[in-house]
$ cat final10.pdb   # PDB, C-alpha atoms and all ligand atoms
MODEL        1
ATOM      1  CA  MET A   1       0.000   0.000   0.000  1.00  0.00           C
ATOM      2  CA  VAL A   2       1.603   3.256  -1.140  1.00  0.00           C
ATOM      3  CA  THR A   3       0.749   6.469   0.669  1.00  0.00           C
ATOM      4  CA  PHE A   4       3.832   8.579  -0.100  1.00  0.00           C
ATOM      5  CA  ALA A   5       3.398   8.727  -3.898  1.00  0.00           C
ATOM      6  CA  LYS A   6      -0.059  10.155  -4.397  1.00  0.00           C
ATOM      7  CA  ASP A   7       1.119  12.254  -7.365  1.00  0.00           C
ATOM      8  CA  ILE A   8       2.082   9.100  -9.318  1.00  0.00           C
ATOM      9  CA  LYS A   9      -0.740   7.893 -11.588  1.00  0.00           C
ATOM     10  CA  GLU A  10      -0.837   4.123 -11.946  1.00  0.00           C
ATOM     11  CA  LEU A  11      -0.136   2.888 -15.481  1.00  0.00           C
ATOM     12  CA  ILE A  12       0.512  -0.830 -14.926  1.00  0.00           C
ATOM     13  CA  SER A  13      -0.786  -2.472 -11.759  1.00  0.00           C
ATOM     14  CA  SER A  14       1.200  -4.776  -9.520  1.00  0.00           C
ATOM     15  CA  LYS A  15      -1.130  -7.624 -10.505  1.00  0.00           C
ATOM     16  CA  GLU A  16      -0.553  -7.076 -14.232  1.00  0.00           C
ATOM     17  CA  ILE A  17       3.208  -6.898 -13.677  1.00  0.00           C
ATOM     18  CA  GLN A  18       3.286 -10.129 -11.667  1.00  0.00           C
ATOM     19  CA  LYS A  19       1.254 -11.975 -14.318  1.00  0.00           C
ATOM     20  CA  LYS A  20       3.596 -10.795 -17.069  1.00  0.00           C
ATOM     21  CA  VAL A  21       6.748 -11.578 -15.088  1.00  0.00           C
ATOM     22  CA  LYS A  22       5.529 -15.137 -14.523  1.00  0.00           C
ATOM     23  CA  GLU A  23       4.810 -15.565 -18.257  1.00  0.00           C
ATOM     24  CA  LEU A  24       8.255 -14.224 -19.192  1.00  0.00           C
ATOM     25  CA  GLY A  25       9.923 -16.554 -16.682  1.00  0.00           C
ATOM     26  CA  GLU A  26       8.063 -19.556 -18.077  1.00  0.00           C
ATOM     27  CA  GLN A  27       9.047 -18.691 -21.646  1.00  0.00           C
ATOM     28  CA  ILE A  28      12.707 -18.219 -20.669  1.00  0.00           C
ATOM     29  CA  THR A  29      12.612 -21.578 -18.835  1.00  0.00           C
ATOM     30  CA  LYS A  30      11.432 -23.309 -22.013  1.00  0.00           C
ATOM     31  CA  ASP A  31      13.885 -21.537 -24.320  1.00  0.00           C
ATOM     32  CA  TYR A  32      17.007 -22.166 -22.225  1.00  0.00           C
ATOM     33  CA  HIS A  33      16.307 -25.726 -21.148  1.00  0.00           C
ATOM     34  CA  GLY A  34      19.612 -27.638 -20.948  1.00  0.00           C
ATOM     35  CA  LYS A  35      21.722 -24.506 -21.377  1.00  0.00           C
ATOM     36  CA  GLU A  36      24.053 -22.693 -19.008  1.00  0.00           C
ATOM     37  CA  LEU A  37      22.285 -19.348 -18.528  1.00  0.00           C
ATOM     38  CA  VAL A  38      23.698 -16.238 -16.855  1.00  0.00           C
ATOM     39  CA  CYS A  39      21.042 -13.641 -15.999  1.00  0.00           C
ATOM     40  CA  VAL A  40      22.549 -10.161 -15.909  1.00  0.00           C
ATOM     41  CA  CYS A  41      20.797  -7.452 -13.927  1.00  0.00           C
ATOM     42  CA  ILE A  42      21.369  -3.953 -15.275  1.00  0.00           C
ATOM     43  CA  LEU A  43      21.547  -1.827 -12.129  1.00  0.00           C
ATOM     44  CA  LYS A  44      19.853  -0.089 -10.573  1.00  0.00           C
ATOM     45  CA  GLY A  45      16.468   0.159 -12.289  1.00  0.00           C
ATOM     46  CA  SER A  46      16.103  -3.549 -13.097  1.00  0.00           C
ATOM     47  CA  VAL A  47      16.693  -4.825  -9.591  1.00  0.00           C
ATOM     48  CA  ILE A  48      13.056  -5.422  -8.632  1.00  0.00           C
ATOM     49  CA  PHE A  49      12.066  -6.883 -12.000  1.00  0.00           C
ATOM     50  CA  PHE A  50      15.203  -9.055 -12.002  1.00  0.00           C
ATOM     51  CA  SER A  51      14.544 -10.390  -8.493  1.00  0.00           C
ATOM     52  CA  ASP A  52      10.974 -11.354  -9.360  1.00  0.00           C
ATOM     53  CA  LEU A  53      11.782 -12.733 -12.814  1.00  0.00           C
ATOM     54  CA  ILE A  54      14.621 -15.062 -11.857  1.00  0.00           C
ATOM     55  CA  ARG A  55      12.341 -16.757  -9.322  1.00  0.00           C
ATOM     56  CA  HIS A  56      10.087 -17.756 -12.230  1.00  0.00           C
ATOM     57  CA  ILE A  57      12.980 -19.278 -14.189  1.00  0.00           C
ATOM     58  CA  ASP A  58      13.035 -22.965 -13.386  1.00  0.00           C
ATOM     59  CA  LEU A  59      16.672 -23.594 -14.375  1.00  0.00           C
ATOM     60  CA  PRO A  60      20.020 -23.678 -12.533  1.00  0.00           C
ATOM     61  CA  ILE A  61      20.965 -20.146 -13.605  1.00  0.00           C
ATOM     62  CA  THR A  62      23.750 -17.961 -12.281  1.00  0.00           C
ATOM     63  CA  ILE A  63      23.414 -14.202 -11.816  1.00  0.00           C
ATOM     64  CA  ASP A  64      25.643 -11.206 -12.331  1.00  0.00           C
ATOM     65  CA  PHE A  65      25.306  -7.420 -12.176  1.00  0.00           C
ATOM     66  CA  ILE A  66      26.413  -4.552 -14.358  1.00  0.00           C
ATOM     67  CA  ARG A  67      25.861  -0.872 -13.758  1.00  0.00           C
ATOM     68  CA  VAL A  68      25.715   1.708 -16.475  1.00  0.00           C
ATOM     69  CA  SER A  69      24.643   5.303 -16.412  1.00  0.00           C
ATOM     70  CA  SER A  70      23.454   7.568 -19.167  1.00  0.00           C
ATOM     71  CA  TYR A  71      21.004   9.834 -17.415  1.00  0.00           C
ATOM     72  CA  GLY A  72      22.675  11.204 -14.285  1.00  0.00           C
ATOM     73  CA  ASN A  73      19.831  12.796 -12.405  1.00  0.00           C
ATOM     74  CA  GLU A  74      18.122  14.084 -15.550  1.00  0.00           C
ATOM     75  CA  LEU A  75      14.889  12.789 -17.051  1.00  0.00           C
ATOM     76  CA  THR A  76      16.276  12.573 -20.588  1.00  0.00           C
ATOM     77  CA  SER A  77      19.188  10.501 -21.866  1.00  0.00           C
ATOM     78  CA  SER A  78      22.548  12.224 -22.178  1.00  0.00           C
ATOM     79  CA  GLY A  79      23.434   9.676 -24.888  1.00  0.00           C
ATOM     80  CA  ASP A  80      26.740   9.168 -23.102  1.00  0.00           C
ATOM     81  CA  VAL A  81      26.779   5.668 -21.602  1.00  0.00           C
ATOM     82  CA  ARG A  82      29.359   4.686 -18.993  1.00  0.00           C
ATOM     83  CA  ILE A  83      30.091   1.443 -17.144  1.00  0.00           C
ATOM     84  CA  ASN A  84      30.070   2.139 -13.412  1.00  0.00           C
ATOM     85  CA  LYS A  85      30.342  -1.504 -12.347  1.00  0.00           C
ATOM     86  CA  ASP A  86      31.350  -4.347 -14.645  1.00  0.00           C
ATOM     87  CA  LEU A  87      30.380  -8.028 -14.512  1.00  0.00           C
ATOM     88  CA  SER A  88      32.242 -10.056 -11.919  1.00  0.00           C
ATOM     89  CA  SER A  89      32.873 -13.125 -14.130  1.00  0.00           C
ATOM     90  CA  PRO A  90      33.904 -13.784 -17.749  1.00  0.00           C
ATOM     91  CA  VAL A  91      30.984 -14.569 -20.081  1.00  0.00           C
ATOM     92  CA  LYS A  92      32.896 -16.318 -22.872  1.00  0.00           C
ATOM     93  CA  GLY A  93      30.968 -19.386 -24.058  1.00  0.00           C
ATOM     94  CA  LYS A  94      27.993 -18.701 -21.807  1.00  0.00           C
ATOM     95  CA  HIS A  95      24.389 -17.878 -22.671  1.00  0.00           C
ATOM     96  CA  ILE A  96      23.725 -14.353 -21.477  1.00  0.00           C
ATOM     97  CA  LEU A  97      20.318 -12.821 -20.820  1.00  0.00           C
ATOM     98  CA  LEU A  98      20.471  -9.083 -20.172  1.00  0.00           C
ATOM     99  CA  ILE A  99      17.594  -8.016 -17.946  1.00  0.00           C
ATOM    100  CA  GLU A 100      16.584  -4.386 -18.317  1.00  0.00           C
ATOM    101  CA  ASP A 101      13.821  -2.258 -16.787  1.00  0.00           C
ATOM    102  CA  ILE A 102      13.003  -0.060 -19.783  1.00  0.00           C
ATOM    103  CA  VAL A 103      14.253   0.502 -23.323  1.00  0.00           C
ATOM    104  CA  ASP A 104      13.753   4.104 -24.362  1.00  0.00           C
ATOM    105  CA  THR A 105      16.188   5.401 -27.022  1.00  0.00           C
ATOM    106  CA  GLY A 106      17.932   2.000 -27.082  1.00  0.00           C
ATOM    107  CA  ILE A 107      21.322   3.709 -26.637  1.00  0.00           C
ATOM    108  CA  THR A 108      22.132   1.990 -23.316  1.00  0.00           C
ATOM    109  CA  LEU A 109      21.313  -1.500 -24.534  1.00  0.00           C
ATOM    110  CA  ASP A 110      23.010  -1.013 -27.873  1.00  0.00           C
ATOM    111  CA  PHE A 111      26.173  -0.028 -26.014  1.00  0.00           C
ATOM    112  CA  LEU A 112      25.935  -3.014 -23.661  1.00  0.00           C
ATOM    113  CA  VAL A 113      25.158  -5.551 -26.381  1.00  0.00           C
ATOM    114  CA  GLU A 114      28.085  -4.337 -28.498  1.00  0.00           C
ATOM    115  CA  LEU A 115      30.404  -4.433 -25.495  1.00  0.00           C
ATOM    116  CA  LEU A 116      29.393  -7.911 -24.311  1.00  0.00           C
ATOM    117  CA  ARG A 117      29.550  -9.360 -27.839  1.00  0.00           C
ATOM    118  CA  THR A 118      33.273  -8.634 -27.848  1.00  0.00           C
ATOM    119  CA  ARG A 119      33.570 -11.041 -24.888  1.00  0.00           C
ATOM    120  CA  GLU A 120      32.316 -13.929 -27.068  1.00  0.00           C
ATOM    121  CA  PRO A 121      29.297 -15.313 -25.183  1.00  0.00           C
ATOM    122  CA  ALA A 122      27.570 -18.406 -26.667  1.00  0.00           C
ATOM    123  CA  SER A 123      24.472 -16.220 -27.098  1.00  0.00           C
ATOM    124  CA  LEU A 124      23.247 -12.829 -25.977  1.00  0.00           C
ATOM    125  CA  LYS A 125      19.590 -11.878 -25.628  1.00  0.00           C
ATOM    126  CA  VAL A 126      17.654  -9.068 -24.001  1.00  0.00           C
ATOM    127  CA  CYS A 127      14.610  -9.126 -21.725  1.00  0.00           C
ATOM    128  CA  SER A 128      12.988  -5.802 -20.883  1.00  0.00           C
ATOM    129  CA  LEU A 129       9.960  -5.147 -18.720  1.00  0.00           C
ATOM    130  CA  LEU A 130       9.043  -1.966 -20.590  1.00  0.00           C
ATOM    131  CA  HIS A 131       9.576  -0.603 -24.080  1.00  0.00           C
ATOM    132  CA  LYS A 132       8.988   3.006 -25.210  1.00  0.00           C
ATOM    133  CA  PRO A 133       9.375   2.713 -28.992  1.00  0.00           C
ATOM    134  CA  SER A 134       8.502   6.366 -29.674  1.00  0.00           C
ATOM    135  CA  ASN A 135      11.991   7.592 -28.703  1.00  0.00           C
ATOM    136  CA  LYS A 136      13.957   4.930 -30.569  1.00  0.00           C
ATOM    137  CA  VAL A 137      17.433   5.974 -31.734  1.00  0.00           C
ATOM    138  CA  LYS A 138      19.129   2.556 -31.807  1.00  0.00           C
ATOM    139  CA  ASP A 139      17.387  -0.597 -32.965  1.00  0.00           C
ATOM    140  CA  VAL A 140      18.063  -3.328 -30.402  1.00  0.00           C
ATOM    141  CA  GLU A 141      16.303  -6.677 -30.573  1.00  0.00           C
ATOM    142  CA  ILE A 142      14.281  -7.350 -27.424  1.00  0.00           C
ATOM    143  CA  SER A 143      13.639 -11.091 -27.305  1.00  0.00           C
ATOM    144  CA  TYR A 144      11.457 -10.952 -24.174  1.00  0.00           C
ATOM    145  CA  LYS A 145       9.272  -7.884 -23.777  1.00  0.00           C
ATOM    146  CA  GLY A 146       6.828  -7.115 -20.967  1.00  0.00           C
ATOM    147  CA  PHE A 147       4.810  -4.023 -21.891  1.00  0.00           C
ATOM    148  CA  THR A 148       5.017  -1.450 -24.668  1.00  0.00           C
ATOM    149  CA  ILE A 149       4.125   2.001 -23.342  1.00  0.00           C
ATOM    150  CA  ASP A 150       3.559   5.499 -24.701  1.00  0.00           C
ATOM    151  CA  ASN A 151       6.073   8.273 -24.208  1.00  0.00           C
ATOM    152  CA  HIS A 152       5.627   8.883 -20.453  1.00  0.00           C
ATOM    153  CA  TYR A 153       8.355   9.187 -17.862  1.00  0.00           C
ATOM    154  CA  VAL A 154       7.523   6.258 -15.597  1.00  0.00           C
ATOM    155  CA  VAL A 155       8.568   5.350 -12.078  1.00  0.00           C
ATOM    156  CA  GLY A 156       8.028   2.472  -9.673  1.00  0.00           C
ATOM    157  CA  TYR A 157       8.890  -1.241  -9.658  1.00  0.00           C
ATOM    158  CA  GLY A 158      12.590  -0.298  -9.629  1.00  0.00           C
ATOM    159  CA  LEU A 159      12.375   2.788 -11.848  1.00  0.00           C
ATOM    160  CA  ASP A 160      13.270   6.109 -10.283  1.00  0.00           C
ATOM    161  CA  ALA A 161      12.996   9.855 -10.605  1.00  0.00           C
ATOM    162  CA  ALA A 162      16.147  11.323  -9.025  1.00  0.00           C
ATOM    163  CA  GLU A 163      16.578   8.017  -7.096  1.00  0.00           C
ATOM    164  CA  LYS A 164      13.095   8.060  -5.548  1.00  0.00           C
ATOM    165  CA  TYR A 165       9.961   5.930  -6.142  1.00  0.00           C
ATOM    166  CA  ARG A 166      11.855   2.681  -6.858  1.00  0.00           C
ATOM    167  CA  ASN A 167       9.926   0.939  -4.064  1.00  0.00           C
ATOM    168  CA  ILE A 168       6.424   1.467  -5.475  1.00  0.00           C
ATOM    169  CA  ASN A 169       4.964  -1.918  -6.475  1.00  0.00           C
ATOM    170  CA  PHE A 170       3.265  -0.620  -9.642  1.00  0.00           C
ATOM    171  CA  VAL A 171       4.527   1.343 -12.665  1.00  0.00           C
ATOM    172  CA  GLY A 172       3.155   4.859 -12.733  1.00  0.00           C
ATOM    173  CA  ILE A 173       3.454   8.123 -14.623  1.00  0.00           C
ATOM    174  CA  TYR A 174       5.726  10.735 -13.087  1.00  0.00           C
ATOM    175  CA  PRO A 175       4.270  14.233 -13.521  1.00  0.00           C
ATOM    176  CA  THR A 176       6.889  16.059 -15.630  1.00  0.00           C
ATOM    177  CA  ALA A 177       4.951  19.209 -16.575  1.00  0.00           C
TER     178      ALA A 177
HETATM  179  P1  LIG B   1      17.838   4.392 -23.182  1.00  0.00           P
HETATM  180  O1  LIG B   1      19.315   4.305 -23.291  1.00  0.00           O
HETATM  181  O2  LIG B   1      17.109   3.244 -23.870  1.00  0.00           O
HETATM  182  O3  LIG B   1      17.326   5.725 -23.667  1.00  0.00           O
HETATM  183  O4  LIG B   1      17.466   4.408 -21.680  1.00  0.00           O
HETATM  184  C1  LIG B   1      17.583   3.323 -20.861  1.00  0.00           C
HETATM  185  C2  LIG B   1      17.643   3.718 -19.416  1.00  0.00           C
HETATM  186  O5  LIG B   1      17.109   5.021 -19.207  1.00  0.00           O
HETATM  187  C3  LIG B   1      16.798   2.791 -18.590  1.00  0.00           C
HETATM  188  O6  LIG B   1      17.544   1.715 -18.154  1.00  0.00           O
HETATM  189  C4  LIG B   1      16.346   3.702 -17.465  1.00  0.00           C
HETATM  190  O7  LIG B   1      17.326   3.701 -16.463  1.00  0.00           O
HETATM  191  C5  LIG B   1      16.288   5.067 -18.080  1.00  0.00           C
HETATM  192  N1  LIG B   1      14.918   5.439 -18.508  1.00  0.00           N
HETATM  193  C6  LIG B   1      14.425   5.554 -19.745  1.00  0.00           C
HETATM  194  N2  LIG B   1      13.124   5.893 -19.744  1.00  0.00           N
HETATM  195  C7  LIG B   1      12.785   5.992 -18.435  1.00  0.00           C
HETATM  196  C8  LIG B   1      11.556   6.280 -17.753  1.00  0.00           C
HETATM  197  O8  LIG B   1      10.476   6.534 -18.326  1.00  0.00           O
HETATM  198  N3  LIG B   1      11.616   6.266 -16.401  1.00  0.00           N
HETATM  199  C9  LIG B   1      12.757   6.007 -15.705  1.00  0.00           C
HETATM  200  N4  LIG B   1      12.682   6.020 -14.391  1.00  0.00           N
HETATM  201  N5  LIG B   1      13.918   5.719 -16.306  1.00  0.00           N
HETATM  202  C10 LIG B   1      13.927   5.699 -17.657  1.00  0.00           C
ENDMDL
END

$ encode --input "final10.pdb" --output "structure tokens" --more "lines below"
Ligand code: 5GP
Amino acid sequence: MVTFAKDIKELISSKEIQKKVKELGEQITKDYHGKELVCVCILKGSVIFFSDLIRHIDLPITIDFIRVSSYGNELTSSGDVRINKDLSSPVKGKHILLIEDIVDTGITLDFLVELLRTREPASLKVCSLLHKPSNKVKDVEISYKGFTIDNHYVVGYGLDAAEKYRNINFVGIYPTA
């Protein structure tokens, strides 16, 4: 029950999110059966989605974390992506699933996919909870997609505005005007 975020208008309910996360987990379980899968959480925004999703993947996965920044504390992408924390293990020969909160311009994921490809994984796919195709700059294939949304700045379920609102259990619209 959220009482501190009354200005955030619900866009996707907790129930809808949980249903989708379960479906994504089941699909990933089928697709990676018999394979050595590393689920990579892109910090910080994906942390809640990641934690829920991996518990619906019925495989002996391993996990790793990477942190990139492109926004600073702004609400629009700077287009300048940096690695703040790299993976802790080599990914060569492994099946990698990058788990992202939202794909907006695609710049962050494009950067990450290009970078990780140079490390020669067996395969590299992307799972994103949200997709905002209206701002697309880079075309990145999203193999597992939760919800496609209009061009709102959204918060909750891990997503922030200046580091706040990550702990709301739904995805809502942050009032920008
Ligand atoms: P992109 O590089 O695709 O433009 O942006 C990806 C990153 O920008 C996401 O991982 C997320 O951190 C941030 N981002 C993009 N759109 C939103 C949004 O609507 N809300 C929040 N909180 N972050 C966003």

$ resolve_selection --input "final10.pdb" --expression "the PyMOL selection byres (((chain A and resi 115) around 12) and not hetatm)" --output "PyMOL selection string"
chain A and resi 66+68+81-83+86-87+91+108-114+116-121+124

$ residues_near_ligand --input "final10.pdb" --ligand "ligand LIG 1 (chain B)" --cutoff "8 Å" --atoms "all atoms listed in the file" --output "PyMOL selection string"
chain A and resi 42+44-46+69-71+75-77+79+81+100-110+132+135-136+151-156+158-161

$ residues_around --input "final10.pdb" --residues "segment 5-20 of chain A" --least-positions-apart "6" --cutoff "10 Å" --atoms "only C-alpha atoms" --output "PDB file with C-alpha atoms, in the coordinates of the input"
ATOM      1  CA  GLU A  26       8.063 -19.556 -18.077  1.00  0.00           C
ATOM      2  CA  PHE A  49      12.066  -6.883 -12.000  1.00  0.00           C
ATOM      3  CA  ASP A  52      10.974 -11.354  -9.360  1.00  0.00           C
ATOM      4  CA  LEU A  53      11.782 -12.733 -12.814  1.00  0.00           C
ATOM      5  CA  LEU A 129       9.960  -5.147 -18.720  1.00  0.00           C
ATOM      6  CA  LYS A 145       9.272  -7.884 -23.777  1.00  0.00           C
ATOM      7  CA  GLY A 146       6.828  -7.115 -20.967  1.00  0.00           C
ATOM      8  CA  PHE A 147       4.810  -4.023 -21.891  1.00  0.00           C
ATOM      9  CA  ILE A 149       4.125   2.001 -23.342  1.00  0.00           C
ATOM     10  CA  HIS A 152       5.627   8.883 -20.453  1.00  0.00           C
ATOM     11  CA  VAL A 154       7.523   6.258 -15.597  1.00  0.00           C
ATOM     12  CA  VAL A 155       8.568   5.350 -12.078  1.00  0.00           C
ATOM     13  CA  GLY A 156       8.028   2.472  -9.673  1.00  0.00           C
ATOM     14  CA  TYR A 157       8.890  -1.241  -9.658  1.00  0.00           C
ATOM     15  CA  LYS A 164      13.095   8.060  -5.548  1.00  0.00           C
ATOM     16  CA  TYR A 165       9.961   5.930  -6.142  1.00  0.00           C
ATOM     17  CA  ILE A 168       6.424   1.467  -5.475  1.00  0.00           C
ATOM     18  CA  ASN A 169       4.964  -1.918  -6.475  1.00  0.00           C
ATOM     19  CA  PHE A 170       3.265  -0.620  -9.642  1.00  0.00           C
ATOM     20  CA  VAL A 171       4.527   1.343 -12.665  1.00  0.00           C
ATOM     21  CA  GLY A 172       3.155   4.859 -12.733  1.00  0.00           C
ATOM     22  CA  ILE A 173       3.454   8.123 -14.623  1.00  0.00           C
ATOM     23  CA  TYR A 174       5.726  10.735 -13.087  1.00  0.00           C
ATOM     24  CA  PRO A 175       4.270  14.233 -13.521  1.00  0.00           C
TER      25      PRO A 175
END

$ closest_residue --input "final10.pdb" --among "A:Tyr144, A:Ser128, A:Arg67, A:Leu97" --to "Gln27 of chain A" --atoms "only C-alpha atoms"
A:Tyr144

$ residues_around --input "final10.pdb" --residues "Tyr32 of chain A" --least-positions-apart "6" --cutoff "12 Å" --atoms "all atoms listed in the file" --output "number ranges by chain"
A: 25-26, 38-39, 57-61, 94-97, 123-125

$ atom_distance --input "final10.pdb" --atom1 "atom CA of Val40 of chain A" --atom2 "atom CA of Pro133 of chain A"
22.6 Å

$ decode --input "final10.pdb" --residues "segment 25-54 of chain A" --atoms "N, CA and C atoms" --output "short mmCIF file (atom, residue, chain, number, x, y, z; two decimals), in the first residue's frame"
data_model
loop_
_atom_site.label_atom_id
_atom_site.label_comp_id
_atom_site.auth_asym_id
_atom_site.auth_seq_id
_atom_site.Cartn_x
_atom_site.Cartn_y
_atom_site.Cartn_z
N GLY A 25 9.09 -15.54 -17.34
CA GLY A 25 9.92 -16.55 -16.68
C GLY A 25 9.67 -17.94 -17.27
N GLU A 26 8.40 -18.23 -17.53
CA GLU A 26 8.06 -19.56 -18.08
C GLU A 26 8.62 -19.71 -19.49
N GLN A 27 8.53 -18.64 -20.27
CA GLN A 27 9.05 -18.69 -21.65
C GLN A 27 10.57 -18.87 -21.65
N ILE A 28 11.24 -18.12 -20.77
CA ILE A 28 12.71 -18.22 -20.67
C ILE A 28 13.10 -19.64 -20.24
N THR A 29 12.36 -20.20 -19.30
CA THR A 29 12.61 -21.58 -18.83
C THR A 29 12.57 -22.56 -20.01
N LYS A 30 11.56 -22.40 -20.85
CA LYS A 30 11.43 -23.31 -22.01
C LYS A 30 12.60 -23.11 -22.97
N ASP A 31 12.90 -21.85 -23.28
CA ASP A 31 13.89 -21.54 -24.32
C ASP A 31 15.31 -21.93 -23.94
N TYR A 32 15.62 -21.91 -22.65
CA TYR A 32 17.01 -22.17 -22.22
C TYR A 32 17.19 -23.54 -21.58
N HIS A 33 16.22 -24.39 -21.75
CA HIS A 33 16.31 -25.73 -21.15
C HIS A 33 17.62 -26.42 -21.58
N GLY A 34 18.38 -26.92 -20.62
CA GLY A 34 19.61 -27.64 -20.95
C GLY A 34 20.81 -26.74 -21.21
N LYS A 35 20.61 -25.43 -21.10
CA LYS A 35 21.72 -24.51 -21.38
C LYS A 35 22.22 -23.84 -20.09
N GLU A 36 23.46 -23.38 -20.16
CA GLU A 36 24.05 -22.69 -19.01
C GLU A 36 23.76 -21.20 -19.14
N LEU A 37 22.78 -20.73 -18.37
CA LEU A 37 22.28 -19.35 -18.53
C LEU A 37 22.79 -18.44 -17.40
N VAL A 38 23.32 -17.28 -17.82
CA VAL A 38 23.70 -16.24 -16.85
C VAL A 38 22.71 -15.08 -17.02
N CYS A 39 21.97 -14.77 -15.96
CA CYS A 39 21.04 -13.64 -16.00
C CYS A 39 21.78 -12.42 -15.46
N VAL A 40 21.82 -11.37 -16.28
CA VAL A 40 22.55 -10.16 -15.91
C VAL A 40 21.56 -9.04 -15.60
N CYS A 41 21.65 -8.56 -14.37
CA CYS A 41 20.80 -7.45 -13.93
C CYS A 41 21.50 -6.13 -14.25
N ILE A 42 20.81 -5.27 -14.97
CA ILE A 42 21.37 -3.95 -15.27
C ILE A 42 20.90 -2.99 -14.17
N LEU A 43 21.86 -2.65 -13.31
CA LEU A 43 21.55 -1.83 -12.13
C LEU A 43 21.32 -0.37 -12.52
N LYS A 44 20.59 0.39 -11.73
CA LYS A 44 19.85 -0.09 -10.57
C LYS A 44 18.41 -0.41 -10.92
N GLY A 45 17.91 0.20 -11.99
CA GLY A 45 16.47 0.16 -12.29
C GLY A 45 15.85 -1.22 -12.43
N SER A 46 16.68 -2.22 -12.84
CA SER A 46 16.10 -3.55 -13.10
C SER A 46 16.01 -4.42 -11.86
N VAL A 47 16.48 -3.93 -10.74
CA VAL A 47 16.69 -4.83 -9.59
C VAL A 47 15.41 -5.50 -9.11
N ILE A 48 14.30 -4.82 -9.13
CA ILE A 48 13.06 -5.42 -8.63
C ILE A 48 12.53 -6.43 -9.66
N PHE A 49 12.50 -6.00 -10.92
CA PHE A 49 12.07 -6.88 -12.00
C PHE A 49 12.94 -8.14 -12.03
N PHE A 50 14.24 -7.95 -11.98
CA PHE A 50 15.20 -9.06 -12.00
C PHE A 50 14.92 -10.06 -10.87
N SER A 51 14.75 -9.51 -9.67
CA SER A 51 14.54 -10.39 -8.49
C SER A 51 13.27 -11.21 -8.63
N ASP A 52 12.23 -10.61 -9.16
CA ASP A 52 10.97 -11.35 -9.36
C ASP A 52 11.11 -12.35 -10.50
N LEU A 53 11.70 -11.89 -11.61
CA LEU A 53 11.78 -12.73 -12.81
C LEU A 53 12.59 -14.00 -12.58
N ILE A 54 13.75 -13.87 -11.97
CA ILE A 54 14.62 -15.06 -11.86
C ILE A 54 13.96 -16.14 -10.99
#
